[in-house]
Amino acid sequence: MADGAAPLSAARGRDRLSALSDDLLHKIITQHLPVTEAARTAALASRWRHLWSSTPLVLRDAALPELARDALVPRVLAEHPGHFRTVILHDCRLASLDRELPGWPLVLARKDTQQLDLLPNQVDTFPCIPEGILRCGTLKELSLGYWAFPVDLSRGANISLPDLRSLTLIMVVISDQDLEHLVATCPALKTLHLSSKGPTHVRLRSPSLQCALVGLWMVEDLAVVDAPLLERLVLFLPPRYDGVVRVKIIGHAANLRVLGHLDTRVHRLQIGDIVIQRNTMASTSAVIPRVKILAVTVNFDVLSEVRTLASFLRCFPNVDTLHIEVADSSDFLPSSAVHGFSVAANEPSGELHARFWEEVSLVECLRSHVRKMVIHKFRGDHNEFQFLKFVAINAQELQSLHVVLQQENTSSTDDKVNETEDNLQSLSFRTGIFGVLLVRPTAGFTSILQKATDLTSDDPFRF
């Protein structure tokens with residue numbers, strides 16, 4: 001027994017962790033240890049001494065002890081001998097960083113930083129972004145929040161971001177011209193996420209851009225001017241929005257295949273020189289034929305919006321996946337000055353809706369191309385079913401229909417769920433399918449953004 005115990009004891013005493021390859025140990029240090037603990041690995045054994053210095057730094061200030069955070073961030077940035085892979089600063093005080101490590105943006109540039117997130121959680125003002133950040137030539141991902149860009153950036157600033165793939169601007173102050181210049185000076189840019197206080201007129205002009213997410217907080221005019229590789233344009237509105245946004249696709253966007261949400265309440269769509277009106281008919285000069293996945297938000301209780309929905313759909317004749325999100329009047333601040341109508345004035349009864357769908361002219365994508373349809377935030381109202389009846393009669397290629405109720409507004413014993421399911425099953429579709437009723441929680445905003453920027457996923461609006 002003693003003879004068998006010796007080898008077992010020796011095996012237990014061996015440092016199996018140090019026997020791993022450098023690549024695996026680098027991953028352990030960067031992905032599984034807080035930066036302060038990672039630095040201490042150099043004292044474990046001679047095998048580990050070079051690993052910390054040769055491991056690209058991954059610094060997330062939220063992982064540092066709160067009381068020591070302001071002191072530790074500049075110290076780690078100054079003392080780490082290797083390159084920087086990721087620096088995420090959300091919780092430290094940037095004033096303290098400026099004081100303890102003047103010129104820290106130049107340190108990031110010298111250390112070949114690849115990902116930088118500067119989105120402070122607490123801001124009183126919008127400080128001017130250090131120009132050194134815009135000259136960090138090794139950056140591949142840059143996220144900035146609550147900063148002000150230098151005035152006349154397009155005239156004098158030296159911008160060098162040749163490898164930047166992803167740019168996120170959250171509530172930054174930037175002019176129309178400077179935003180256009182910034183995007184144009186990033187020759188490798190693939191993804192742009194803009195939710196900003198600054199520009200009122202956004203013009204997308206980029207030879208490399210593939211995905212654009214635009215939050216329309218202050219935007220009055222969004223124009224795709226020249227974006228030959230743009231595949232995905234995702235638009236979102238702030239809660240209780242009460243403005244009008246002109247969405248213009250006026251230039252080269254031959255690869256655009258995913259678009260949404262177009263909102264019948266606030267978006268005014270323009271294709272080329274043609275402004276799409278509520279009664280716009282199909283025209284070869286007012287279509288975007290490459291779009292395959294389309295999402296539209298509509299309030300079915302407002303007949304003018306229903307008419308706009310039909311006009312929007314005619315502009316995308318080859319859509320094969322259609323998402324319709326049912327809007328609630330309470331989500332919007334009604335303004336007769338903005339819309340030129342009121343809900344009450346437009347809705348004497350549901351008869352007008354039924355008559356509209358009976359008399360509406362051809363909607364090519366519904367008749368000949370849509371194979372998958374999802375109705376989000378369905379409420380089961382009469383006017384919504386009028387649209388589904390139109391789809392059932394006219395859709396010749398439809399292979400699946402999912403109707404999604406919000407879990408927050410239902411319960412397992414809700415009579416409305418049972419009634420909706422019965423009404424759905426009563427529809428007779430030309431292709432012989434049956435609609436599927438689902439009850440799902442409303443997706444959070446972060447989840448929506450993650451899906452929208454995931455270019456490996458074909459459909460960013462999937463439930």
# chains A, B, ... in the order shown; residues from 1 in each chain; ligands from 1
call {"tool": "residues_around", "arguments": {"residues": "stretch 92-104 of chain A", "least_positions_apart": "5", "cutoff": "10 Å", "atoms": "only C-alpha atoms", "output": "ChimeraX atom specification"}}
result
/A:60-62,64,66,68-75,77-78,109-110,118,120-123,127,130,132-133
call {"tool": "write_last_selection", "arguments": {"atoms": "N, CA and C atoms", "output": "PDB file, in the first residue's frame"}}
result
ATOM      1  N   ARG A  60     -10.959  45.946 -17.053  1.00  0.00           N
ATOM      2  CA  ARG A  60     -12.340  46.390 -16.843  1.00  0.00           C
ATOM      3  C   ARG A  60     -12.389  47.036 -15.466  1.00  0.00           C
ATOM      4  N   ASP A  61     -12.573  48.323 -15.428  1.00  0.00           N
ATOM      5  CA  ASP A  61     -12.465  49.004 -14.136  1.00  0.00           C
ATOM      6  C   ASP A  61     -13.518  48.546 -13.142  1.00  0.00           C
ATOM      7  N   ALA A  62     -14.674  48.058 -13.633  1.00  0.00           N
ATOM      8  CA  ALA A  62     -15.720  47.590 -12.722  1.00  0.00           C
ATOM      9  C   ALA A  62     -15.275  46.371 -11.922  1.00  0.00           C
ATOM     10  N   LEU A  64     -12.379  46.070 -10.491  1.00  0.00           N
ATOM     11  CA  LEU A  64     -11.432  46.491  -9.463  1.00  0.00           C
ATOM     12  C   LEU A  64     -12.172  46.879  -8.179  1.00  0.00           C
ATOM     13  N   GLU A  66     -13.795  48.927  -5.470  1.00  0.00           N
ATOM     14  CA  GLU A  66     -14.363  50.252  -5.694  1.00  0.00           C
ATOM     15  C   GLU A  66     -13.554  51.354  -5.030  1.00  0.00           C
ATOM     16  N   ALA A  68     -10.459  51.484  -4.273  1.00  0.00           N
ATOM     17  CA  ALA A  68      -9.104  51.661  -4.816  1.00  0.00           C
ATOM     18  C   ALA A  68      -9.111  51.888  -6.322  1.00  0.00           C
ATOM     19  N   ARG A  69     -10.309  51.952  -6.925  1.00  0.00           N
ATOM     20  CA  ARG A  69     -10.416  51.952  -8.387  1.00  0.00           C
ATOM     21  C   ARG A  69      -9.696  53.136  -9.019  1.00  0.00           C
ATOM     22  N   ASP A  70      -9.921  54.337  -8.485  1.00  0.00           N
ATOM     23  CA  ASP A  70      -9.329  55.526  -9.103  1.00  0.00           C
ATOM     24  C   ASP A  70      -7.812  55.508  -9.047  1.00  0.00           C
ATOM     25  N   ALA A  71      -7.247  54.851  -8.036  1.00  0.00           N
ATOM     26  CA  ALA A  71      -5.788  54.767  -7.933  1.00  0.00           C
ATOM     27  C   ALA A  71      -5.225  53.629  -8.775  1.00  0.00           C
ATOM     28  N   LEU A  72      -5.980  52.542  -8.883  1.00  0.00           N
ATOM     29  CA  LEU A  72      -5.462  51.365  -9.567  1.00  0.00           C
ATOM     30  C   LEU A  72      -5.461  51.516 -11.085  1.00  0.00           C
ATOM     31  N   VAL A  73      -6.481  52.177 -11.640  1.00  0.00           N
ATOM     32  CA  VAL A  73      -6.572  52.275 -13.107  1.00  0.00           C
ATOM     33  C   VAL A  73      -5.335  52.939 -13.699  1.00  0.00           C
ATOM     34  N   PRO A  74      -4.928  54.146 -13.261  1.00  0.00           N
ATOM     35  CA  PRO A  74      -3.716  54.743 -13.843  1.00  0.00           C
ATOM     36  C   PRO A  74      -2.464  53.926 -13.568  1.00  0.00           C
ATOM     37  N   ARG A  75      -2.416  53.250 -12.426  1.00  0.00           N
ATOM     38  CA  ARG A  75      -1.232  52.450 -12.103  1.00  0.00           C
ATOM     39  C   ARG A  75      -1.104  51.258 -13.049  1.00  0.00           C
ATOM     40  N   LEU A  77      -2.429  50.966 -16.066  1.00  0.00           N
ATOM     41  CA  LEU A  77      -2.121  51.441 -17.414  1.00  0.00           C
ATOM     42  C   LEU A  77      -0.659  51.823 -17.552  1.00  0.00           C
ATOM     43  N   ALA A  78      -0.103  52.424 -16.508  1.00  0.00           N
ATOM     44  CA  ALA A  78       1.288  52.890 -16.574  1.00  0.00           C
ATOM     45  C   ALA A  78       2.289  51.756 -16.439  1.00  0.00           C
ATOM     46  N   ALA A 109      -2.406  54.483 -27.135  1.00  0.00           N
ATOM     47  CA  ALA A 109      -1.936  54.380 -28.512  1.00  0.00           C
ATOM     48  C   ALA A 109      -0.611  53.631 -28.581  1.00  0.00           C
ATOM     49  N   ARG A 110       0.298  53.927 -27.663  1.00  0.00           N
ATOM     50  CA  ARG A 110       1.615  53.265 -27.682  1.00  0.00           C
ATOM     51  C   ARG A 110       1.505  51.786 -27.392  1.00  0.00           C
ATOM     52  N   LEU A 118     -15.188  53.948 -23.452  1.00  0.00           N
ATOM     53  CA  LEU A 118     -15.199  55.089 -22.529  1.00  0.00           C
ATOM     54  C   LEU A 118     -16.633  55.563 -22.403  1.00  0.00           C
ATOM     55  N   PRO A 120     -18.592  56.631 -19.246  1.00  0.00           N
ATOM     56  CA  PRO A 120     -18.696  56.845 -17.798  1.00  0.00           C
ATOM     57  C   PRO A 120     -20.134  56.780 -17.317  1.00  0.00           C
ATOM     58  N   ASN A 121     -20.315  56.147 -16.177  1.00  0.00           N
ATOM     59  CA  ASN A 121     -21.659  56.006 -15.616  1.00  0.00           C
ATOM     60  C   ASN A 121     -22.142  57.294 -14.957  1.00  0.00           C
ATOM     61  N   GLN A 122     -21.224  58.143 -14.542  1.00  0.00           N
ATOM     62  CA  GLN A 122     -21.610  59.378 -13.872  1.00  0.00           C
ATOM     63  C   GLN A 122     -20.959  60.554 -14.593  1.00  0.00           C
ATOM     64  N   VAL A 123     -21.795  61.436 -15.141  1.00  0.00           N
ATOM     65  CA  VAL A 123     -21.272  62.615 -15.825  1.00  0.00           C
ATOM     66  C   VAL A 123     -22.104  63.833 -15.431  1.00  0.00           C
ATOM     67  N   PRO A 127     -17.394  66.392 -21.314  1.00  0.00           N
ATOM     68  CA  PRO A 127     -16.023  66.855 -21.555  1.00  0.00           C
ATOM     69  C   PRO A 127     -15.614  66.597 -23.000  1.00  0.00           C
ATOM     70  N   PRO A 130     -10.396  63.563 -25.571  1.00  0.00           N
ATOM     71  CA  PRO A 130      -8.979  63.787 -25.875  1.00  0.00           C
ATOM     72  C   PRO A 130      -8.664  63.392 -27.316  1.00  0.00           C
ATOM     73  N   GLY A 132      -6.080  62.428 -28.641  1.00  0.00           N
ATOM     74  CA  GLY A 132      -5.235  61.245 -28.765  1.00  0.00           C
ATOM     75  C   GLY A 132      -6.027  59.972 -28.997  1.00  0.00           C
ATOM     76  N   ILE A 133      -7.278  59.943 -28.512  1.00  0.00           N
ATOM     77  CA  ILE A 133      -8.127  58.768 -28.721  1.00  0.00           C
ATOM     78  C   ILE A 133      -8.366  58.544 -30.211  1.00  0.00           C
TER      79      ILE A 133
END
call {"tool": "select_by_dssp", "arguments": {"residues": "stretch 188-434 of chain A", "states": "strand (DSSP E)", "output": "number ranges by chain"}}
result
A: 191-195, 201-205, 211-215, 221-226, 232-236, 245-252, 258-263, 267-271, 274-275, 293-298, 321-326, 372-376, 400-406
call {"tool": "residues_around", "arguments": {"residues": "stretch 146-152 of chain A", "least_positions_apart": "2", "cutoff": "12 Å", "atoms": "only C-alpha atoms", "output": "PyMOL selection string"}}
result
chain A and resi 90+94+117-134+143-144+154-159+168-182+195-199
call {"tool": "write_last_selection", "arguments": {"atoms": "N, CA and C atoms", "output": "CSV table (one decimal), in the first residue's frame"}}
result
chain,number,residue,atom,x,y,z
A,90,HIS,N,-15.8,52.5,-17.2
A,90,HIS,CA,-17.2,52.9,-17.0
A,90,HIS,C,-17.3,53.6,-15.6
A,94,LEU,N,-12.7,60.0,-14.5
A,94,LEU,CA,-11.7,60.3,-15.5
A,94,LEU,C,-10.9,61.5,-15.1
A,117,ASP,N,-13.6,51.2,-24.5
A,117,ASP,CA,-14.9,51.7,-24.1
A,117,ASP,C,-14.7,52.8,-23.1
A,118,LEU,N,-15.2,53.9,-23.5
A,118,LEU,CA,-15.2,55.1,-22.5
A,118,LEU,C,-16.6,55.6,-22.4
A,119,LEU,N,-17.4,54.9,-21.5
A,119,LEU,CA,-18.8,55.3,-21.3
A,119,LEU,C,-19.0,55.5,-19.8
A,120,PRO,N,-18.6,56.6,-19.2
A,120,PRO,CA,-18.7,56.8,-17.8
A,120,PRO,C,-20.1,56.8,-17.3
A,121,ASN,N,-20.3,56.1,-16.2
A,121,ASN,CA,-21.7,56.0,-15.6
A,121,ASN,C,-22.1,57.3,-15.0
A,122,GLN,N,-21.2,58.1,-14.5
A,122,GLN,CA,-21.6,59.4,-13.9
A,122,GLN,C,-21.0,60.6,-14.6
A,123,VAL,N,-21.8,61.4,-15.1
A,123,VAL,CA,-21.3,62.6,-15.8
A,123,VAL,C,-22.1,63.8,-15.4
A,124,ASP,N,-21.4,64.9,-15.2
A,124,ASP,CA,-22.1,66.2,-15.0
A,124,ASP,C,-22.1,67.1,-16.2
A,125,THR,N,-21.1,67.0,-17.0
A,125,THR,CA,-20.9,67.7,-18.2
A,125,THR,C,-20.5,66.8,-19.3
A,126,PHE,N,-20.4,67.3,-20.5
A,126,PHE,CA,-19.8,66.6,-21.6
A,126,PHE,C,-18.4,67.0,-21.9
A,127,PRO,N,-17.4,66.4,-21.3
A,127,PRO,CA,-16.0,66.9,-21.6
A,127,PRO,C,-15.6,66.6,-23.0
A,128,CYS,N,-14.7,67.4,-23.5
A,128,CYS,CA,-14.2,67.2,-24.8
A,128,CYS,C,-13.3,66.0,-24.9
A,129,ILE,N,-13.5,65.1,-25.8
A,129,ILE,CA,-12.8,63.9,-26.0
A,129,ILE,C,-11.3,64.2,-26.3
A,130,PRO,N,-10.4,63.6,-25.6
A,130,PRO,CA,-9.0,63.8,-25.9
A,130,PRO,C,-8.7,63.4,-27.3
A,131,GLU,N,-8.0,64.3,-28.0
A,131,GLU,CA,-7.8,64.0,-29.4
A,131,GLU,C,-6.9,62.8,-29.6
A,132,GLY,N,-6.1,62.4,-28.6
A,132,GLY,CA,-5.2,61.2,-28.8
A,132,GLY,C,-6.0,60.0,-29.0
A,133,ILE,N,-7.3,59.9,-28.5
A,133,ILE,CA,-8.1,58.8,-28.7
A,133,ILE,C,-8.4,58.5,-30.2
A,134,LEU,N,-8.5,59.6,-30.9
A,134,LEU,CA,-8.8,59.5,-32.4
A,134,LEU,C,-7.5,59.3,-33.2
A,143,SER,N,-15.9,52.6,-28.3
A,143,SER,CA,-17.3,53.0,-27.8
A,143,SER,C,-17.1,54.2,-27.0
A,144,LEU,N,-17.8,55.3,-27.3
A,144,LEU,CA,-17.7,56.5,-26.6
A,144,LEU,C,-19.1,57.0,-26.1
A,154,SER,N,-14.0,68.1,-38.6
A,154,SER,CA,-13.7,67.8,-40.0
A,154,SER,C,-12.7,68.7,-40.7
A,155,ARG,N,-12.3,69.8,-40.0
A,155,ARG,CA,-11.3,70.8,-40.6
A,155,ARG,C,-9.9,70.6,-40.1
A,156,GLY,N,-9.8,70.4,-38.8
A,156,GLY,CA,-8.4,70.4,-38.3
A,156,GLY,C,-7.9,69.2,-37.5
A,157,ALA,N,-8.8,68.3,-37.1
A,157,ALA,CA,-8.3,67.2,-36.2
A,157,ALA,C,-7.6,66.1,-37.1
A,158,ASN,N,-6.5,65.6,-36.5
A,158,ASN,CA,-5.8,64.5,-37.1
A,158,ASN,C,-6.4,63.2,-36.7
A,159,ILE,N,-7.2,62.6,-37.5
A,159,ILE,CA,-7.8,61.3,-37.2
A,159,ILE,C,-7.1,60.2,-37.8
A,168,THR,N,-19.2,53.0,-31.7
A,168,THR,CA,-20.4,53.2,-31.0
A,168,THR,C,-20.3,54.6,-30.4
A,169,LEU,N,-21.3,55.4,-30.6
A,169,LEU,CA,-21.4,56.8,-30.1
A,169,LEU,C,-22.7,56.9,-29.4
A,170,ILE,N,-22.7,57.0,-28.0
A,170,ILE,CA,-23.8,57.1,-27.2
A,170,ILE,C,-23.9,58.4,-26.5
A,171,MET,N,-25.0,59.2,-26.9
A,171,MET,CA,-25.2,60.5,-26.3
A,171,MET,C,-24.0,61.4,-26.3
A,172,VAL,N,-23.3,61.4,-27.5
A,172,VAL,CA,-22.2,62.4,-27.7
A,172,VAL,C,-22.7,63.6,-28.3
A,173,VAL,N,-21.9,64.7,-28.2
A,173,VAL,CA,-22.2,65.9,-28.9
A,173,VAL,C,-21.3,66.0,-30.1
A,174,ILE,N,-21.9,66.0,-31.3
A,174,ILE,CA,-21.1,66.0,-32.5
A,174,ILE,C,-22.0,66.7,-33.6
A,175,SER,N,-21.4,67.5,-34.4
A,175,SER,CA,-22.1,68.1,-35.5
A,175,SER,C,-22.4,67.2,-36.6
A,176,ASP,N,-23.3,67.6,-37.5
A,176,ASP,CA,-23.6,66.8,-38.7
A,176,ASP,C,-22.4,66.5,-39.6
A,177,GLN,N,-21.6,67.6,-39.9
A,177,GLN,CA,-20.5,67.5,-40.7
A,177,GLN,C,-19.4,66.7,-40.1
A,178,ASP,N,-19.2,66.8,-38.8
A,178,ASP,CA,-18.1,66.1,-38.1
A,178,ASP,C,-18.4,64.6,-38.0
A,179,LEU,N,-19.6,64.2,-37.8
A,179,LEU,CA,-20.0,62.8,-37.8
A,179,LEU,C,-19.7,62.2,-39.2
A,180,GLU,N,-20.1,62.9,-40.3
A,180,GLU,CA,-19.9,62.4,-41.6
A,180,GLU,C,-18.4,62.2,-41.9
A,181,HIS,N,-17.6,63.2,-41.4
A,181,HIS,CA,-16.2,63.2,-41.6
A,181,HIS,C,-15.6,62.0,-40.8
A,182,LEU,N,-16.0,61.8,-39.6
A,182,LEU,CA,-15.4,60.8,-38.8
A,182,LEU,C,-15.7,59.4,-39.4
A,195,SER,N,-26.4,56.7,-31.1
A,195,SER,CA,-27.5,57.1,-30.3
A,195,SER,C,-27.1,58.4,-29.6
A,196,SER,N,-27.3,59.5,-30.3
A,196,SER,CA,-26.5,60.7,-30.0
A,196,SER,C,-27.4,61.9,-29.8
A,197,LYS,N,-26.8,62.9,-29.1
A,197,LYS,CA,-27.5,64.2,-28.9
A,197,LYS,C,-27.2,65.2,-30.0
A,198,GLY,N,-26.2,64.8,-30.8
A,198,GLY,CA,-25.6,65.8,-31.7
A,198,GLY,C,-26.2,66.0,-33.0
A,199,PRO,N,-26.0,65.2,-34.0
A,199,PRO,CA,-26.4,65.5,-35.3
A,199,PRO,C,-27.9,65.5,-35.5
call {"tool": "residues_around", "arguments": {"residues": "A:Leu352", "least_positions_apart": "5", "cutoff": "12 Å", "atoms": "only C-alpha atoms", "output": "JSON, numbers by chain"}}
result
{"A": [300, 301, 302, 303, 304, 306, 307, 346, 347, 357, 358, 359, 360, 382, 383, 386]}
call {"tool": "write_last_selection", "arguments": {"atoms": "C-alpha atoms", "output": "short mmCIF file (atom, residue, chain, number, x, y, z; two decimals), in the first residue's frame"}}
result
data_model
loop_
_atom_site.label_atom_id
_atom_site.label_comp_id
_atom_site.auth_asym_id
_atom_site.auth_seq_id
_atom_site.Cartn_x
_atom_site.Cartn_y
_atom_site.Cartn_z
CA PHE A 300 -53.67 49.32 -36.78
CA ASP A 301 -56.20 51.54 -35.01
CA VAL A 302 -55.23 54.48 -37.23
CA LEU A 303 -56.37 54.12 -40.83
CA SER A 304 -53.80 56.58 -42.17
CA VAL A 306 -52.56 51.32 -42.28
CA ARG A 307 -52.45 53.08 -45.64
CA ASN A 346 -59.80 58.82 -38.19
CA GLU A 347 -61.67 56.00 -36.52
CA TRP A 357 -58.06 45.77 -47.24
CA GLU A 358 -60.82 44.63 -49.60
CA GLU A 359 -60.09 47.41 -52.08
CA VAL A 360 -56.33 47.91 -51.68
CA HIS A 382 -60.45 43.61 -34.76
CA ASN A 383 -58.31 45.80 -37.02
CA GLN A 386 -58.50 42.49 -40.75
#
call {"tool": "residues_around", "arguments": {"residues": "A:Val234", "least_positions_apart": "5", "cutoff": "7 Å", "atoms": "only C-alpha atoms", "output": "list in words"}}
result
Ala212, Leu213, Val214, Leu259, Gly260 and His261 of chain A
call {"tool": "residues_around", "arguments": {"residues": "A:Thr113", "least_positions_apart": "6", "cutoff": "10 Å", "atoms": "only C-alpha atoms", "output": "list of chain:residue names"}}
result
A:Pro56, A:Leu57, A:Val58, A:His83, A:Phe84, A:Arg85, A:Thr86, A:Val87, A:Val107, A:Cys136, A:Gly137, A:Thr138, A:Leu139, A:Lys140, A:Glu141
call {"tool": "atom_distance", "arguments": {"atom1": "atom CA of A:Ile288", "atom2": "atom CA of A:Val319"}}
result
9.7 Å
call {"tool": "residues_around", "arguments": {"residues": "A:His369", "least_positions_apart": "4", "cutoff": "9 Å", "atoms": "only C-alpha atoms", "output": "PyMOL selection string"}}
result
chain A and resi 317-321+364-365+395-398
call {"tool": "closest_atom_pairs", "arguments": {"of": "stretch 146-214 of chain A", "to": "stretch 240-257 of chain A", "cutoff": "12 Å", "atoms": "only C-alpha atoms", "output": "JSON lines"}}
result
{"residue": "A:Thr200", "atom": "CA", "partner": "A:Val245", "partner_atom": "CA", "distance": 9.7}
{"residue": "A:His201", "atom": "CA", "partner": "A:Arg246", "partner_atom": "CA", "distance": 9.4}
{"residue": "A:Val202", "atom": "CA", "partner": "A:Val247", "partner_atom": "CA", "distance": 9.8}
{"residue": "A:Arg203", "atom": "CA", "partner": "A:Lys248", "partner_atom": "CA", "distance": 9.3}
{"residue": "A:Leu204", "atom": "CA", "partner": "A:Gly251", "partner_atom": "CA", "distance": 9.6}
{"residue": "A:Arg205", "atom": "CA", "partner": "A:Gly251", "partner_atom": "CA", "distance": 9.2}
{"residue": "A:Ser206", "atom": "CA", "partner": "A:His252", "partner_atom": "CA", "distance": 10.2}
{"residue": "A:Pro207", "atom": "CA", "partner": "A:His252", "partner_atom": "CA", "distance": 10.0}
{"residue": "A:Ser208", "atom": "CA", "partner": "A:Ala253", "partner_atom": "CA", "distance": 11.5}
{"residue": "A:Leu209", "atom": "CA", "partner": "A:Ala253", "partner_atom": "CA", "distance": 10.4}
{"residue": "A:Gln210", "atom": "CA", "partner": "A:Leu256", "partner_atom": "CA", "distance": 8.7}
{"residue": "A:Cys211", "atom": "CA", "partner": "A:Leu256", "partner_atom": "CA", "distance": 9.4}
{"residue": "A:Ala212", "atom": "CA", "partner": "A:Leu256", "partner_atom": "CA", "distance": 10.8}
{"residue": "A:Val214", "atom": "CA", "partner": "A:Val247", "partner_atom": "CA", "distance": 11.1}
call {"tool": "closest_residue", "arguments": {"among": "A:Ser311, A:Leu233, A:Val219, A:Pro228", "to": "A:Leu192", "atoms": "only C-alpha atoms"}}
result
A:Leu233
call {"tool": "atom_distance", "arguments": {"atom1": "atom CA of A:Gln425", "atom2": "atom CA of A:His353"}}
result
21.1 Å
call {"tool": "select_by_dssp", "arguments": {"residues": "stretch 150-231 of chain A", "states": "helix (DSSP H, G or I)", "output": "PyMOL selection string"}}
result
chain A and resi 153-156+176-184
call {"tool": "atom_distance", "arguments": {"atom1": "atom CA of A:Asn394", "atom2": "atom CA of A:His376"}}
result
20.5 Å
call {"tool": "decode", "arguments": {"residues": "stretch 232-238 of chain A", "atoms": "all heavy atoms", "output": "short mmCIF file (atom, residue, chain, number, x, y, z; two decimals), in the first residue's frame"}}
result
data_model
loop_
_atom_site.label_atom_id
_atom_site.label_comp_id
_atom_site.auth_asym_id
_atom_site.auth_seq_id
_atom_site.Cartn_x
_atom_site.Cartn_y
_atom_site.Cartn_z
N ARG A 232 -27.35 46.20 -43.59
CA ARG A 232 -28.31 46.23 -42.48
C ARG A 232 -28.46 47.65 -41.95
O ARG A 232 -27.49 48.27 -41.55
CB ARG A 232 -27.82 45.29 -41.37
CG ARG A 232 -28.72 45.14 -40.19
CD ARG A 232 -28.17 44.09 -39.24
NE ARG A 232 -28.11 42.77 -39.85
CZ ARG A 232 -27.83 41.64 -39.20
NH1 ARG A 232 -27.58 41.69 -37.91
NH2 ARG A 232 -27.81 40.50 -39.82
N LEU A 233 -29.69 48.15 -41.96
CA LEU A 233 -30.00 49.46 -41.40
C LEU A 233 -31.11 49.28 -40.37
O LEU A 233 -32.24 48.94 -40.72
CB LEU A 233 -30.43 50.42 -42.50
CG LEU A 233 -30.81 51.85 -42.06
CD1 LEU A 233 -29.66 52.53 -41.35
CD2 LEU A 233 -31.27 52.67 -43.27
N VAL A 234 -30.77 49.50 -39.10
CA VAL A 234 -31.70 49.29 -37.99
C VAL A 234 -31.96 50.64 -37.33
O VAL A 234 -31.02 51.34 -36.93
CB VAL A 234 -31.14 48.28 -36.97
CG1 VAL A 234 -32.10 48.10 -35.80
CG2 VAL A 234 -30.87 46.93 -37.64
N LEU A 235 -33.23 50.99 -37.21
CA LEU A 235 -33.64 52.28 -36.65
C LEU A 235 -34.43 52.04 -35.37
O LEU A 235 -35.23 51.11 -35.28
CB LEU A 235 -34.51 53.04 -37.65
CG LEU A 235 -34.01 53.11 -39.09
CD1 LEU A 235 -35.05 53.77 -39.99
CD2 LEU A 235 -32.69 53.86 -39.17
N PHE A 236 -34.21 52.89 -34.37
CA PHE A 236 -35.02 52.78 -33.16
C PHE A 236 -35.29 54.17 -32.60
O PHE A 236 -34.50 55.09 -32.75
CB PHE A 236 -34.36 51.88 -32.10
CG PHE A 236 -32.90 52.14 -31.86
CD1 PHE A 236 -32.50 52.96 -30.83
CD2 PHE A 236 -31.93 51.54 -32.65
CE1 PHE A 236 -31.16 53.19 -30.58
CE2 PHE A 236 -30.59 51.76 -32.41
CZ PHE A 236 -30.20 52.59 -31.37
N LEU A 237 -36.46 54.28 -31.98
CA LEU A 237 -36.94 55.55 -31.46
C LEU A 237 -36.90 55.56 -29.94
O LEU A 237 -37.07 54.51 -29.31
CB LEU A 237 -38.39 55.79 -31.91
CG LEU A 237 -38.64 55.98 -33.40
CD1 LEU A 237 -40.13 55.91 -33.69
CD2 LEU A 237 -38.08 57.32 -33.87
N PRO A 238 -36.71 56.71 -29.33
CA PRO A 238 -36.82 56.80 -27.88
C PRO A 238 -38.28 56.68 -27.46
O PRO A 238 -39.18 56.89 -28.26
CB PRO A 238 -36.27 58.20 -27.57
CG PRO A 238 -36.54 58.98 -28.81
CD PRO A 238 -36.39 58.01 -29.95
#
